[in-house]
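Visitor: Structure file coords_39.txt, compact mmCIF, C-alpha atoms, is pasted below:
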# COMPACT_ATOMS: atom_id res chain seq x y z
CA MET T 1 0.00 0.00 0.00
CA ASP T 2 2.79 2.46 0.95
CA GLN T 3 4.94 1.43 -2.03
CA LEU T 4 2.00 1.97 -4.37
CA SER T 5 1.41 5.39 -2.84
CA LEU T 6 4.93 6.39 -3.86
CA ILE T 7 4.27 5.21 -7.41
CA SER T 8 0.69 6.45 -7.94
CA GLU T 9 -1.90 7.88 -5.58
CA GLU T 10 -4.74 6.63 -7.79
CA ALA T 11 -3.32 3.10 -8.01
CA ALA T 12 -2.88 3.01 -4.24
CA GLU T 13 -6.47 4.16 -3.70
CA LEU T 14 -7.80 1.53 -6.12
CA ASP T 15 -5.72 -1.15 -4.39
CA GLY T 16 -7.23 -0.16 -1.04
CA GLN T 17 -10.78 -0.28 -2.38
CA ILE T 18 -10.18 -3.69 -3.96
CA ALA T 19 -8.68 -5.00 -0.72
CA ASP T 20 -11.76 -3.83 1.20
CA ILE T 21 -14.04 -5.65 -1.24
CA PHE T 22 -11.96 -8.84 -0.93
CA ARG T 23 -12.32 -8.71 2.86
CA ALA T 24 -16.08 -8.21 2.50
CA LEU T 25 -16.27 -11.13 0.06
CA SER T 26 -14.29 -13.37 2.41
CA ASN T 27 -16.57 -12.57 5.34
CA GLY T 28 -19.66 -12.90 3.16
CA PHE T 29 -18.78 -16.39 1.93
CA GLN T 30 -17.91 -17.49 5.48
CA LYS T 31 -21.37 -16.41 6.63
CA LEU T 32 -22.94 -18.03 3.57
CA GLU T 33 -21.67 -21.44 4.70
CA LYS T 34 -23.93 -21.23 7.75
CA VAL T 35 -27.09 -20.27 5.81
CA LYS T 36 -29.52 -23.16 5.20
CA ASP T 37 -32.50 -21.40 3.61
CA ALA T 38 -32.17 -21.40 -0.21
CA ASN T 39 -33.97 -18.08 -0.74
CA ARG T 40 -31.84 -16.30 1.82
CA LYS T 41 -28.70 -17.85 0.33
CA ASN T 42 -29.74 -16.58 -3.13
CA ARG T 43 -30.18 -13.06 -1.79
CA GLN T 44 -26.75 -13.12 -0.17
CA LEU T 45 -25.22 -14.48 -3.38
CA GLU T 46 -26.74 -11.57 -5.26
CA GLU T 47 -25.15 -9.13 -2.82
CA LEU T 48 -21.80 -10.87 -3.20
CA THR T 49 -22.19 -10.79 -7.01
CA ASP T 50 -22.68 -7.03 -6.88
CA LYS T 51 -19.48 -6.71 -4.86
CA MET T 52 -17.61 -8.87 -7.41
CA ARG T 53 -18.88 -6.71 -10.26
CA GLU T 54 -17.63 -3.64 -8.45
CA CYS T 55 -14.31 -5.37 -7.82
CA LYS T 56 -13.97 -6.27 -11.51
CA ARG T 57 -14.61 -2.65 -12.46
CA LEU T 58 -11.94 -1.45 -10.03
CA ILE T 59 -9.45 -4.02 -11.35
CA LYS T 60 -10.04 -2.74 -14.89
CA GLU T 61 -9.36 0.81 -13.68
CA PHE T 62 -6.25 -0.44 -11.90
CA ASP T 63 -5.14 -2.14 -15.15
CA ARG T 64 -5.60 1.11 -17.10
CA GLU T 65 -3.61 2.97 -14.47
CA VAL T 66 -0.83 0.36 -14.68
CA LYS T 67 -0.69 0.71 -18.46
CA ASP T 68 -0.45 4.49 -18.12
CA LEU T 69 2.45 4.06 -15.70
CA GLU T 70 4.42 1.65 -17.93
CA SER T 71 6.08 4.44 -19.86
CA ARG T 72 7.00 6.36 -16.70
CA THR T 73 8.31 3.57 -14.48
CA ASP T 74 11.15 1.08 -14.66
CA ALA T 75 10.89 -2.64 -15.50
CA VAL T 76 10.97 -3.74 -11.85
CA THR T 77 8.06 -1.50 -10.94
CA ASN T 78 6.12 -2.57 -14.02
CA ARG T 79 6.64 -6.23 -13.11
CA MET T 80 5.51 -5.55 -9.53
CA LEU T 81 2.39 -3.77 -10.74
CA SER T 82 1.66 -6.57 -13.24
CA GLU T 83 2.03 -9.20 -10.51
CA LYS T 84 -0.23 -7.14 -8.25
CA LYS T 85 -2.89 -6.99 -10.96
CA GLN T 86 -2.58 -10.71 -11.67
CA SER T 87 -2.93 -11.46 -7.95
CA MET T 88 -6.11 -9.39 -7.84
CA ILE T 89 -7.53 -11.25 -10.83
CA LYS T 90 -6.69 -14.64 -9.32
CA GLU T 91 -8.30 -13.74 -6.03
CA LEU T 92 -11.42 -12.43 -7.77
CA ASN T 93 -11.63 -15.61 -9.86
CA SER T 94 -11.39 -17.70 -6.71
CA TYR T 95 -14.45 -15.92 -5.30
CA VAL T 96 -16.25 -16.30 -8.64
CA ALA T 97 -15.57 -20.04 -8.55
CA LEU T 98 -16.73 -20.20 -4.94
CA LYS T 99 -19.94 -18.43 -5.85
CA LYS T 100 -20.47 -20.78 -8.79
CA GLN T 101 -20.05 -23.72 -6.43
CA HIS T 102 -22.71 -22.37 -4.05
CA THR T 103 -25.05 -21.63 -6.95
CA THR T 104 -24.59 -25.16 -8.30
CA ASN T 105 -25.39 -26.65 -4.89
CA ILE T 106 -28.59 -24.61 -4.70
CA GLU T 107 -29.60 -25.68 -8.19
CA LYS T 108 -29.02 -29.33 -7.36
CA LYS T 109 -31.46 -29.02 -4.48
CA LYS T 110 -34.05 -27.47 -6.78
CA ILE T 111 -33.27 -29.52 -9.89
CA ASP T 112 -36.94 -30.31 -10.49
CA LEU T 113 -37.72 -26.60 -10.78
CA PHE T 114 -35.22 -25.90 -13.54
CA ASP T 115 -35.03 -27.02 -17.16
CA GLY T 116 -32.63 -29.85 -16.39
CA PRO T 117 -29.67 -30.88 -14.31
CA ASN T 118 -26.52 -28.76 -14.37
CA GLU T 119 -23.72 -30.05 -16.49
CA GLY T 120 -20.33 -30.39 -14.95
CA ILE T 121 -17.37 -28.38 -16.20
CA PRO T 122 -15.12 -30.51 -18.40
CA GLU T 123 -11.63 -30.87 -17.06
CA ASP T 124 -10.20 -29.81 -20.42
CA ASN T 125 -11.67 -26.34 -19.93
CA VAL T 126 -10.09 -25.83 -16.52
CA LEU T 127 -6.87 -23.85 -16.83
CA LEU T 128 -4.45 -23.28 -14.04
CA ALA T 129 -4.22 -19.61 -13.13
CA SER T 130 -0.45 -19.80 -13.09
CA THR T 131 -0.36 -20.77 -16.79
CA MET T 132 -2.89 -18.15 -17.93
CA THR T 133 -2.13 -14.68 -19.21
CA ASN T 134 -3.81 -11.60 -17.82
CA GLU T 135 -6.22 -11.43 -20.73
CA GLN T 136 -7.10 -15.11 -20.32
CA LEU T 137 -7.68 -14.59 -16.63
CA MET T 138 -9.94 -11.61 -17.31
CA ASP T 139 -11.85 -13.50 -20.02
CA ARG T 140 -12.20 -16.54 -17.80
CA GLY T 141 -13.42 -14.41 -14.90
CA ASN T 142 -15.94 -12.61 -17.10
CA LYS T 143 -17.22 -15.91 -18.48
CA MET T 144 -17.63 -17.41 -15.01
CA MET T 145 -19.43 -14.32 -13.75
CA ASP T 146 -21.77 -14.40 -16.75
CA GLU T 147 -22.56 -18.04 -16.02
CA THR T 148 -23.23 -17.33 -12.37
CA ASP T 149 -25.37 -14.33 -13.33
CA GLN T 150 -27.49 -16.63 -15.49
CA SER T 151 -27.84 -19.06 -12.61
CA ILE T 152 -28.89 -16.22 -10.32
CA GLU T 153 -31.47 -15.10 -12.88
CA ARG T 154 -32.93 -18.61 -12.99
CA SER T 155 -33.02 -18.64 -9.20
CA LYS T 156 -34.77 -15.27 -9.25
CA MET T 157 -37.42 -16.68 -11.59
CA VAL T 158 -38.00 -19.59 -9.23
CA VAL T 159 -38.25 -17.26 -6.24
CA GLN T 160 -40.68 -15.00 -8.14
CA GLU T 161 -42.83 -17.98 -9.11
CA THR T 162 -42.84 -19.08 -5.47
CA ILE T 163 -43.85 -15.58 -4.39
CA ASP T 164 -46.65 -15.52 -7.01
CA VAL T 165 -47.98 -18.88 -5.81
CA GLY T 166 -47.82 -17.68 -2.22
CA THR T 167 -49.68 -14.49 -3.15
CA GLU T 168 -52.42 -16.43 -4.92
CA THR T 169 -52.70 -18.82 -1.98
CA ALA T 170 -52.93 -15.91 0.46
CA ALA T 171 -55.66 -14.27 -1.64
CA SER T 172 -57.59 -17.55 -1.79
CA LEU T 173 -57.27 -18.02 1.97
CA LYS T 174 -58.43 -14.45 2.53
CA ALA T 175 -61.52 -15.00 0.36
CA GLN T 176 -62.29 -18.26 2.16
CA THR T 177 -61.83 -16.54 5.52
CA GLU T 178 -64.26 -13.80 4.53
CA GLN T 179 -66.74 -16.41 3.32
CA MET T 180 -66.43 -18.32 6.59
CA SER T 181 -66.95 -15.07 8.49
CA MET T 182 -70.16 -14.42 6.52
CA ILE T 183 -71.37 -17.97 7.23
CA VAL T 184 -70.68 -17.52 10.95
CA ASN T 185 -72.60 -14.23 10.95
CA GLU T 186 -75.53 -15.90 9.19
CA LEU T 187 -75.49 -18.76 11.71
CA ASP T 188 -75.51 -16.24 14.56
CA SER T 189 -78.47 -14.47 12.94
CA ILE T 190 -80.32 -17.79 12.52
CA HIS T 191 -79.59 -18.74 16.11
CA PHE T 192 -80.92 -15.38 17.32
CA SER T 193 -84.05 -15.77 15.17
CA MET T 194 -84.66 -19.29 16.47
CA LYS T 195 -84.19 -18.13 20.04
CA ARG T 196 -86.65 -15.30 19.50
CA ALA T 197 -89.14 -17.64 17.78
CA SER T 198 -88.86 -20.08 20.69
CA LYS T 199 -89.65 -17.26 23.10
CA LEU T 200 -92.68 -16.22 21.06
CA VAL T 201 -93.91 -19.82 20.93
CA LYS T 202 -93.68 -20.06 24.72
CA GLU T 203 -95.61 -16.80 25.13
CA ILE T 204 -98.30 -17.98 22.71
CA GLY T 205 -98.47 -21.31 24.56
CA ARG T 206 -99.01 -19.55 27.88
CA GLN T 207 -101.64 -17.31 26.32
CA LEU T 208 -103.45 -20.33 24.85
CA ALA T 209 -103.34 -22.11 28.19
CA THR T 210 -104.87 -19.05 29.87
CA ASP T 211 -107.57 -18.82 27.19
CA LYS T 212 -108.42 -22.52 27.62
CA LEU T 213 -108.71 -22.09 31.38
CA ILE T 214 -111.08 -19.15 30.94
CA MET T 215 -113.17 -21.07 28.41
CA ALA T 216 -113.37 -24.04 30.78
CA MET T 217 -114.56 -21.81 33.63
CA LEU T 218 -117.15 -20.15 31.40
CA PHE T 219 -118.30 -23.56 30.23
CA LEU T 220 -118.72 -24.74 33.82
CA ILE T 221 -120.66 -21.61 34.72
CA VAL T 222 -123.00 -21.98 31.76
CA MET T 223 -123.51 -25.65 32.49
CA GLY T 224 -124.33 -24.82 36.11
CA VAL T 225 -126.88 -22.23 35.05
CA VAL T 226 -128.44 -24.62 32.55
CA ILE T 227 -128.67 -27.36 35.16
CA ILE T 228 -130.34 -24.98 37.64
CA ILE T 229 -132.83 -23.87 35.01
CA ILE T 230 -133.67 -27.45 34.13
CA VAL T 231 -134.13 -28.39 37.79
CA LYS T 232 -136.38 -25.36 38.36
CA ILE T 233 -138.49 -26.25 35.39
CA VAL T 234 -138.81 -29.86 36.38
CA ASN T 235 -139.34 -29.23 40.10
CA PRO T 236 -140.50 -25.66 40.60
CA ASN T 237 -141.43 -26.24 44.22
CA ASN T 238 -137.91 -27.26 45.22
CA LYS T 239 -136.98 -24.74 47.90
CA ASP T 240 -133.35 -25.92 48.10
CA ILE T 241 -132.57 -24.11 44.85
CA SER T 242 -132.91 -20.39 45.00
CA ASP T 243 -134.38 -18.49 42.14
CA ILE T 244 -132.04 -17.39 39.48
CA PRO T 245 -131.94 -13.63 39.27
CA GLY T 246 -133.69 -12.36 36.17
CA LEU T 247 -135.57 -15.62 35.69
CA ALA T 248 -139.32 -15.32 36.49
CA PRO T 249 -140.81 -18.05 38.64
CA PRO T 250 -142.98 -20.53 36.81
CA ALA T 251 -146.57 -19.45 36.34
CA GLN T 252 -149.08 -20.99 38.75
CA SER T 253 -151.55 -23.39 37.13
CA ARG T 254 -155.00 -21.79 37.05
CA LYS T 255 -157.99 -23.67 38.24
CA LEU T 256 -161.02 -23.20 36.12
CA LEU T 257 -164.23 -22.69 38.04
CA TRP T 258 -167.18 -24.54 36.60
CA HIS T 259 -170.41 -22.99 37.49
CA GLU T 260 -173.20 -25.36 37.77
CA LYS T 261 -176.13 -24.44 35.82
Represent the structure from my file as structure tokens, please.
Guide:
Amino acid sequence: MDQLSLISEEAAELDGQIADIFRALSNGFQKLEKVKDANRKNRQLEELTDKMRECKRLIKEFDREVKDLESRTDAVTNRMLSEKKQSMIKELNSYVALKKQHTTNIEKKKIDLFDGPNEGIPEDNVLLASTMTNEQLMDRGNKMMDETDQSIERSKMVVQETIDVGTETAASLKAQTEQMSMIVNELDSIHFSMKRASKLVKEIGRQLATDKLIMAMLFLIVMGVVIIIIVKIVNPNNKDISDIPGLAPPAQSRKLLWHEK
């Protein structure tokens, strides 16, 4: 860091920013190992991908700065700067490969949700970083990041489909809940109506019982009066039965006087 500051302030600042991103990537992947939920792991991988994109941009700026310094610095300094850049690229590629490994593991767990199983990387296509030029390293890193970006996009589609299904399920449950609430309200209303009807039936029953009692008493009274009238008519001289008010006593039989001629 101090040696770079003596060579170029801008190169030293870029080196510091890249180093900070590498520390953040290292901590991020260590935390990612402990995450079990696939959706949460995808979100963290997206954050780490953004950091790697930013790191790649800074490395490109660092490379441009190194090329500008080639004509103004000696061969030893140029070699040191080139090795520094190559070290940055190797470290970035290691994180890209680590991210690809995590993405592949996630896709294997959700293989039925994708178009088909992931194909392994042929060994012929794997090049040792020590035998690759800077341009090859950059191309390889770009290719790996593009592949991981595509995997992330597929994961995003799966997550979005899951969210859509969850939204539809929640809406259906809400509608069913509202329908159940309406049914419960209707049942409460029916219960109240039945309770009120039962009360009215009891009141009508008591009223009918009272009316029957009154009718029975009136019937007994009328029957008593009729019996008294019949007894009076049959036996008008019976003194044990008092006269009924308003009823005239029976007329006395008249004796006809026959005058003898």
Visitor: Give the answer as one residue: which of T:Ala170, T:Met157, T:Met52, T:Leu137 has the shortest atom-to-atom distance to Gly28 of chain T, using only C-alpha atoms?
Guide: T:Met52
Visitor: Under the rule that all atoms listed in the file are counted, which of T:Leu173, T:Cys55, T:Ala38, T:Val158 is the nearest residue to Ile106 of chain T?
Guide: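 Ranking T:Leu173, T:Cys55, T:Ala38, T:Val158 by distance to Ile106 of chain T, first place goes to T:Ala38.
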Visitor: Between atom CA of Asn39 of chain T and atom CA of Val159 of chain T, measure the distance and give it in Å to one decimal.
Guide: 7.0 Å
Visitor: Got a sec: who's within 12 Å of segment 14-24 of chain T, counting only C-alpha atoms, leaving out chain neighbours fewer than 2 positions off, as number ranges by chain?
Guide: T: 1-5, 8-12, 26-31, 47-66, 81, 84-85, 87-96
Visitor: Using only C-alpha atoms, which residue out of T:Lys212, T:Ile233, T:His102, T:Met144 lies closest to Lys34 of chain T?
Guide: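 The shortest atom-to-atom distance to Lys34 of chain T comes from T:His102.
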Visitor: What does the distance from atom CA of Leu218 of chain T to atom CA of Ile230 of chain T come to in Å, to one decimal?
Guide: 18.3 Å
Visitor: For segment 25-36 of chain T, where the input has fewer atoms than it should, I would like all heavy atoms rebuilt and written as a JSON list (two decimals), keeping the file's coordinate frame.
Guide:
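Saved the output as result-v9.json:
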[["chain", "number", "residue", "atom", "x", "y", "z"],
["T", 25, "LEU", "N", -15.92, -9.87, 0.72],
["T", 25, "LEU", "CA", -16.27, -11.13, 0.06],
["T", 25, "LEU", "C", -15.89, -12.32, 0.93],
["T", 25, "LEU", "O", -16.65, -13.31, 1.03],
["T", 25, "LEU", "CB", -15.58, -11.23, -1.30],
["T", 25, "LEU", "CG", -16.10, -10.30, -2.40],
["T", 25, "LEU", "CD1", -15.19, -10.36, -3.62],
["T", 25, "LEU", "CD2", -17.52, -10.64, -2.78],
["T", 26, "SER", "N", -14.72, -12.27, 1.54],
["T", 26, "SER", "CA", -14.29, -13.37, 2.41],
["T", 26, "SER", "C", -15.25, -13.57, 3.58],
["T", 26, "SER", "O", -15.69, -14.69, 3.87],
["T", 26, "SER", "CB", -12.87, -13.09, 2.93],
["T", 26, "SER", "OG", -12.45, -14.11, 3.82],
["T", 27, "ASN", "N", -15.62, -12.47, 4.23],
["T", 27, "ASN", "CA", -16.57, -12.57, 5.34],
["T", 27, "ASN", "C", -17.94, -13.02, 4.86],
["T", 27, "ASN", "O", -18.62, -13.81, 5.53],
["T", 27, "ASN", "CB", -16.69, -11.21, 6.04],
["T", 27, "ASN", "CG", -15.40, -10.78, 6.72],
["T", 27, "ASN", "OD1", -14.61, -11.64, 7.14],
["T", 27, "ASN", "ND2", -15.17, -9.48, 6.83],
["T", 28, "GLY", "N", -18.35, -12.53, 3.68],
["T", 28, "GLY", "CA", -19.66, -12.90, 3.16],
["T", 28, "GLY", "C", -19.77, -14.39, 2.85],
["T", 28, "GLY", "O", -20.77, -15.03, 3.19],
["T", 29, "PHE", "N", -18.74, -14.96, 2.25],
["T", 29, "PHE", "CA", -18.78, -16.39, 1.93],
["T", 29, "PHE", "C", -18.67, -17.25, 3.19],
["T", 29, "PHE", "O", -19.22, -18.35, 3.24],
["T", 29, "PHE", "CB", -17.68, -16.75, 0.93],
["T", 29, "PHE", "CG", -18.04, -16.43, -0.49],
["T", 29, "PHE", "CD1", -17.45, -15.36, -1.14],
["T", 29, "PHE", "CD2", -18.97, -17.19, -1.17],
["T", 29, "PHE", "CE1", -17.79, -15.06, -2.45],
["T", 29, "PHE", "CE2", -19.31, -16.90, -2.48],
["T", 29, "PHE", "CZ", -18.73, -15.82, -3.13],
["T", 30, "GLN", "N", -17.96, -16.76, 4.20],
["T", 30, "GLN", "CA", -17.91, -17.49, 5.48],
["T", 30, "GLN", "C", -19.29, -17.54, 6.13],
["T", 30, "GLN", "O", -19.71, -18.57, 6.66],
["T", 30, "GLN", "CB", -16.90, -16.84, 6.41],
["T", 30, "GLN", "CG", -15.44, -17.06, 6.02],
["T", 30, "GLN", "CD", -14.48, -16.35, 6.94],
["T", 30, "GLN", "OE1", -14.88, -15.73, 7.93],
["T", 30, "GLN", "NE2", -13.20, -16.42, 6.61],
["T", 31, "LYS", "N", -20.01, -16.43, 6.08],
["T", 31, "LYS", "CA", -21.37, -16.41, 6.63],
["T", 31, "LYS", "C", -22.32, -17.25, 5.78],
["T", 31, "LYS", "O", -23.26, -17.85, 6.29],
["T", 31, "LYS", "CB", -21.88, -14.97, 6.71],
["T", 31, "LYS", "CG", -21.12, -14.11, 7.70],
["T", 31, "LYS", "CD", -21.66, -12.68, 7.69],
["T", 31, "LYS", "CE", -20.90, -11.79, 8.67],
["T", 31, "LYS", "NZ", -21.39, -10.39, 8.65],
["T", 32, "LEU", "N", -22.06, -17.28, 4.47],
["T", 32, "LEU", "CA", -22.94, -18.03, 3.57],
["T", 32, "LEU", "C", -22.90, -19.52, 3.86],
["T", 32, "LEU", "O", -23.88, -20.24, 3.62],
["T", 32, "LEU", "CB", -22.52, -17.76, 2.12],
["T", 32, "LEU", "CG", -23.49, -18.20, 1.03],
["T", 32, "LEU", "CD1", -24.78, -17.41, 1.11],
["T", 32, "LEU", "CD2", -22.86, -18.01, -0.35],
["T", 33, "GLU", "N", -21.79, -20.02, 4.37],
["T", 33, "GLU", "CA", -21.67, -21.44, 4.70],
["T", 33, "GLU", "C", -22.66, -21.86, 5.78],
["T", 33, "GLU", "O", -23.10, -23.01, 5.83],
["T", 33, "GLU", "CB", -20.25, -21.76, 5.15],
["T", 33, "GLU", "CG", -19.18, -21.59, 4.09],
["T", 33, "GLU", "CD", -19.26, -22.65, 3.00],
["T", 33, "GLU", "OE1", -19.92, -23.69, 3.25],
["T", 33, "GLU", "OE2", -18.68, -22.45, 1.92],
["T", 34, "LYS", "N", -23.05, -20.91, 6.63],
["T", 34, "LYS", "CA", -23.93, -21.23, 7.75],
["T", 34, "LYS", "C", -25.41, -21.06, 7.40],
["T", 34, "LYS", "O", -26.28, -21.41, 8.19],
["T", 34, "LYS", "CB", -23.61, -20.33, 8.94],
["T", 34, "LYS", "CG", -22.15, -20.46, 9.41],
["T", 34, "LYS", "CD", -21.87, -19.49, 10.55],
["T", 34, "LYS", "CE", -20.42, -19.58, 10.99],
["T", 34, "LYS", "NZ", -20.11, -18.63, 12.09],
["T", 35, "VAL", "N", -25.71, -20.51, 6.22],
["T", 35, "VAL", "CA", -27.09, -20.27, 5.81],
["T", 35, "VAL", "C", -27.67, -21.56, 5.22],
["T", 35, "VAL", "O", -27.05, -22.18, 4.36],
["T", 35, "VAL", "CB", -27.19, -19.12, 4.78],
["T", 35, "VAL", "CG1", -28.62, -18.94, 4.33],
["T", 35, "VAL", "CG2", -26.65, -17.84, 5.40],
["T", 36, "LYS", "N", -28.86, -21.94, 5.69],
["T", 36, "LYS", "CA", -29.52, -23.16, 5.20],
["T", 36, "LYS", "C", -30.66, -22.86, 4.24],
["T", 36, "LYS", "O", -30.94, -23.64, 3.34],
["T", 36, "LYS", "CB", -30.06, -23.97, 6.39],
["T", 36, "LYS", "CG", -28.98, -24.38, 7.39],
["T", 36, "LYS", "CD", -27.91, -25.25, 6.76],
["T", 36, "LYS", "CE", -26.86, -25.68, 7.77],
["T", 36, "LYS", "NZ", -25.80, -26.49, 7.16]]
